[in-house]
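Here is the structure we will look at, set down as structure tokens.
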Amino acid sequence: MKKWGSIIVAVLMLTPITACEDGGTPDQTEATKKTQQVTSRSDIVKNRGKLICGVEGGIPGFSYVDQNGNYSGIDVDICKAVAAALFDNPNAVEYRNLDSTERFTALNGGEVDMLSRNTTWTISRDTNVGLEFAPTTFYDGQGMMVRADSGVKSLEDLQDKSICVEAGTTTELNLTDNLRQRNVEAETLTFQQADPAYAAYAEGRCDGMTSDKSQLLSRRSTLPSPNDHVILDVTMSKEPLGPVTKNNDSAWFDIVKWVTYALIEAEELGITQANVDDLKQNSEDPTIRRFLGVDGDLGEGLGLSNDFAYRVIKNVGNYGEVYNRNLGEESQFKLPRGMNDLWTNDGLLYSPPFR
């Protein structure tokens, strides 16, 4: 009897320990799961019925709002693509214009669901700032714009001159590093927002304006006499730009990530706005059928409709179409694809398999 009594006591002592290791009672475990699900930004966005997307709002070709309040640009189309995947409606988006110093606070504070705002992927932002970077949608580099009649041909020619730069950006640090490496002494004028910086440059308060080359090209088009300004043949940094979500929310990050990849994969597969309906109905290619949601359940793992990629391409187009209408041959900029072409065309764009 003593032996059996000891065993019973031991079992009773172990029971609460086992319950603790299991994470509590079944009801408690289920409640915890529900709480975790509700905290995902994907659930918040779905319940709200629209996406709140942080953009810059003043860069033609990337994100620009016209006098009628209409937004356009490659960054804007990324927002539209996510909305299309979620709601089959690219216009289910509320845009928030954010300057460089407030964008991360707005994202981490929940004011916006994501950023699609010419934001450079860096290790400190990926870790210390608490960001999660989706695939790069535009590979860029920092440049310098000067007046064509200034005689400035290189960074060395900016000795004892002044340079305008937006505060709170990688651009400011890159400028300091490059000037130091070349032993160039120049005055740096920093501005909280891009508009005042470019206005100061246009007024002649600084001799040079530095930013990503794509932004310089875009902003030059808004100056009174664009042809009076040139972008120097110098690249000061690597600037991989793309959409961003808040860290530690894999469900939401996965949606933004795979929607972005869908734009790239569609171009590689030759799927366009014009042929996507025909391919969905008639294609026998198993890769295309799976991608468009005819076969398989790829959307289910994302909490989306299985035809989410079809929705994206039908409403927004593939990456090539997005690029061409905003920056390429169909735009005012006529900017060659270069690094922003598919890997099959010697570019850097590459999507993992949709399998």
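To be explicit about the labels: the chains of the structure tokens are called A, B, and onward in the order shown, and within each one the residues are counted from 1, while ligands get numbers from 1 in the order they are shown.
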
| request: Please give the complete set of residues from stretch 298-338 of chain A that DSSP, run on the backbone, assigns to helix (DSSP H, G or I), formatted as a VMD selection string. | output: chain A and resid 300 to 302 308 to 315 319 to 326 338

Give me, as JSON lines, the closest atom pair and its distance (Å, one decimal) for every residue of stretch 198-293 of chain A within a cut-off of 9 Å of stretch 179-194 of chain A, counting only C-alpha atoms, rows sorted by chain and rising number.
```
{"residue": "A:Tyr198", "atom": "CA", "partner": "A:Ala194", "partner_atom": "CA", "distance": 6.3}
{"residue": "A:Ala199", "atom": "CA", "partner": "A:Ala194", "partner_atom": "CA", "distance": 8.5}
{"residue": "A:Cys206", "atom": "CA", "partner": "A:Leu189", "partner_atom": "CA", "distance": 7.6}
```

Would you save the residues of that selection, restricted to C-alpha atoms, as a PDB file, in the first residue's frame?
```pdb
ATOM      1  CA  TYR A 198      14.148  70.820 -53.465  1.00  0.00           C
ATOM      2  CA  ALA A 199      12.676  74.307 -53.134  1.00  0.00           C
ATOM      3  CA  CYS A 206      22.561  75.155 -52.321  1.00  0.00           C
TER       4      CYS A 206
END
```

| message | With DSSP run on the backbone, what are the strand (DSSP E) residues within stretch 96-327 of chain A? I'd like them as a ChimeraX atom specification. | response | /A:96-97,114-115,131-133,138-140,142-147,162-166,187-191,208-212,229-231,239-241,244-246

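Minimum atom-to-atom distances from A:Leu173, A:Val276, A:Leu98, A:Leu298 to A:Lys314 were compared using only C-alpha atoms, and the lowest value belongs to A:Val276.
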
| task | Have a look at A:Thr169, A:Asp249, A:Thr344, A:Cys53 and name the one nearest to A:Asp77; count only C-alpha atoms. | result |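 With only C-alpha atoms as the atom set, the closest residue is A:Cys53.
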
| request: Find the spatial neighbours of A:Ile52, counting only C-alpha atoms, within a cut-off of 6 Å - ignore same-chain residues fewer than 6 positions away - and output them as number ranges by chain. | output: A: 93-95, 112-113

| message | Need the shell around A:Arg117: protein/DNA/RNA residues with any atom at most 12 Å away, counting only C-alpha atoms. Skip same-chain ones fewer than 2 positions apart. Format as a ChimeraX atom specification? | response | /A:53-59,61-64,73-79,95-100,102-104,107,112,114-115,119-121,133,136-138,215,240-245

| query | Between A:Ala309, A:Val230, A:Leu304, A:Met339, which has the minimum distance to A:Gly141 (counting only C-alpha atoms)? | reply | A:Met339

| query | Using only C-alpha atoms, which of A:Phe354, A:Ala251, A:Asn324, A:Pro224 sits nearest A:Gly293? | reply | A:Phe354

| task | Using atom CA of A:Ser331 and atom CA of A:Glu166 as the two end points, give the distance in Å to one decimal. | result | 26.0 Å

| request: Could you jot down the atom CA of A:Met144 to atom CA of A:Val165 separation for me, Å, one decimal place? | output: 10.0 Å

Identify, on the basis of only C-alpha atoms, every residue whose closest approach to A:Leu302 does not exceed 12 Å; exclude the query and any residue fewer than 4 positions from it along the same chain; express the result as a compact mmCIF listing (two decimals) with C-alpha atoms, in the first residue's frame.
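Below is the file that was written, result11.txt:
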```txt
# COMPACT_ATOMS: atom_id res chain seq x y z
CA SER A 42 -3.79 41.06 -41.74
CA ASP A 43 -6.92 40.56 -39.62
CA ALA A 85 -5.10 40.51 -53.42
CA LEU A 86 -7.10 41.18 -50.26
CA SER A 250 4.69 36.98 -40.22
CA ALA A 251 1.10 36.53 -41.41
CA TRP A 252 0.88 40.12 -42.66
CA PHE A 253 4.48 40.20 -43.89
CA ASP A 254 3.90 37.02 -45.93
CA ILE A 255 0.96 38.65 -47.72
CA VAL A 256 2.93 41.75 -48.69
CA LYS A 257 5.96 39.66 -49.61
CA TRP A 258 4.18 37.18 -51.88
CA VAL A 259 1.99 39.81 -53.52
CA ASP A 297 -4.38 26.09 -52.70
CA LEU A 298 -1.46 28.55 -52.58
CA ASN A 306 -6.44 30.96 -54.00
CA ASP A 307 -6.69 33.23 -57.04
CA PHE A 308 -5.00 36.16 -55.25
CA ALA A 309 -2.27 36.38 -57.91
```

| Separation of atom CA of A:Asp88 from atom CA of A:Glu330, in Å and rounded to one decimal |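 Atom-to-atom, atom CA of A:Asp88 to atom CA of A:Glu330, that is 25.5 Å.
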
| task | List the neighbours of A:Ala266 out to 8 Å using only C-alpha atoms; skip same-chain residues closer than 5 positions along the sequence, and give me the result as JSON, numbers by chain. | result | {"A": [271, 272, 313, 318, 319]}

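Closest approach to A:Gly49 among A:Pro286, A:Gly69, A:Pro90, A:Gly130: A:Pro90, based on only C-alpha atoms.
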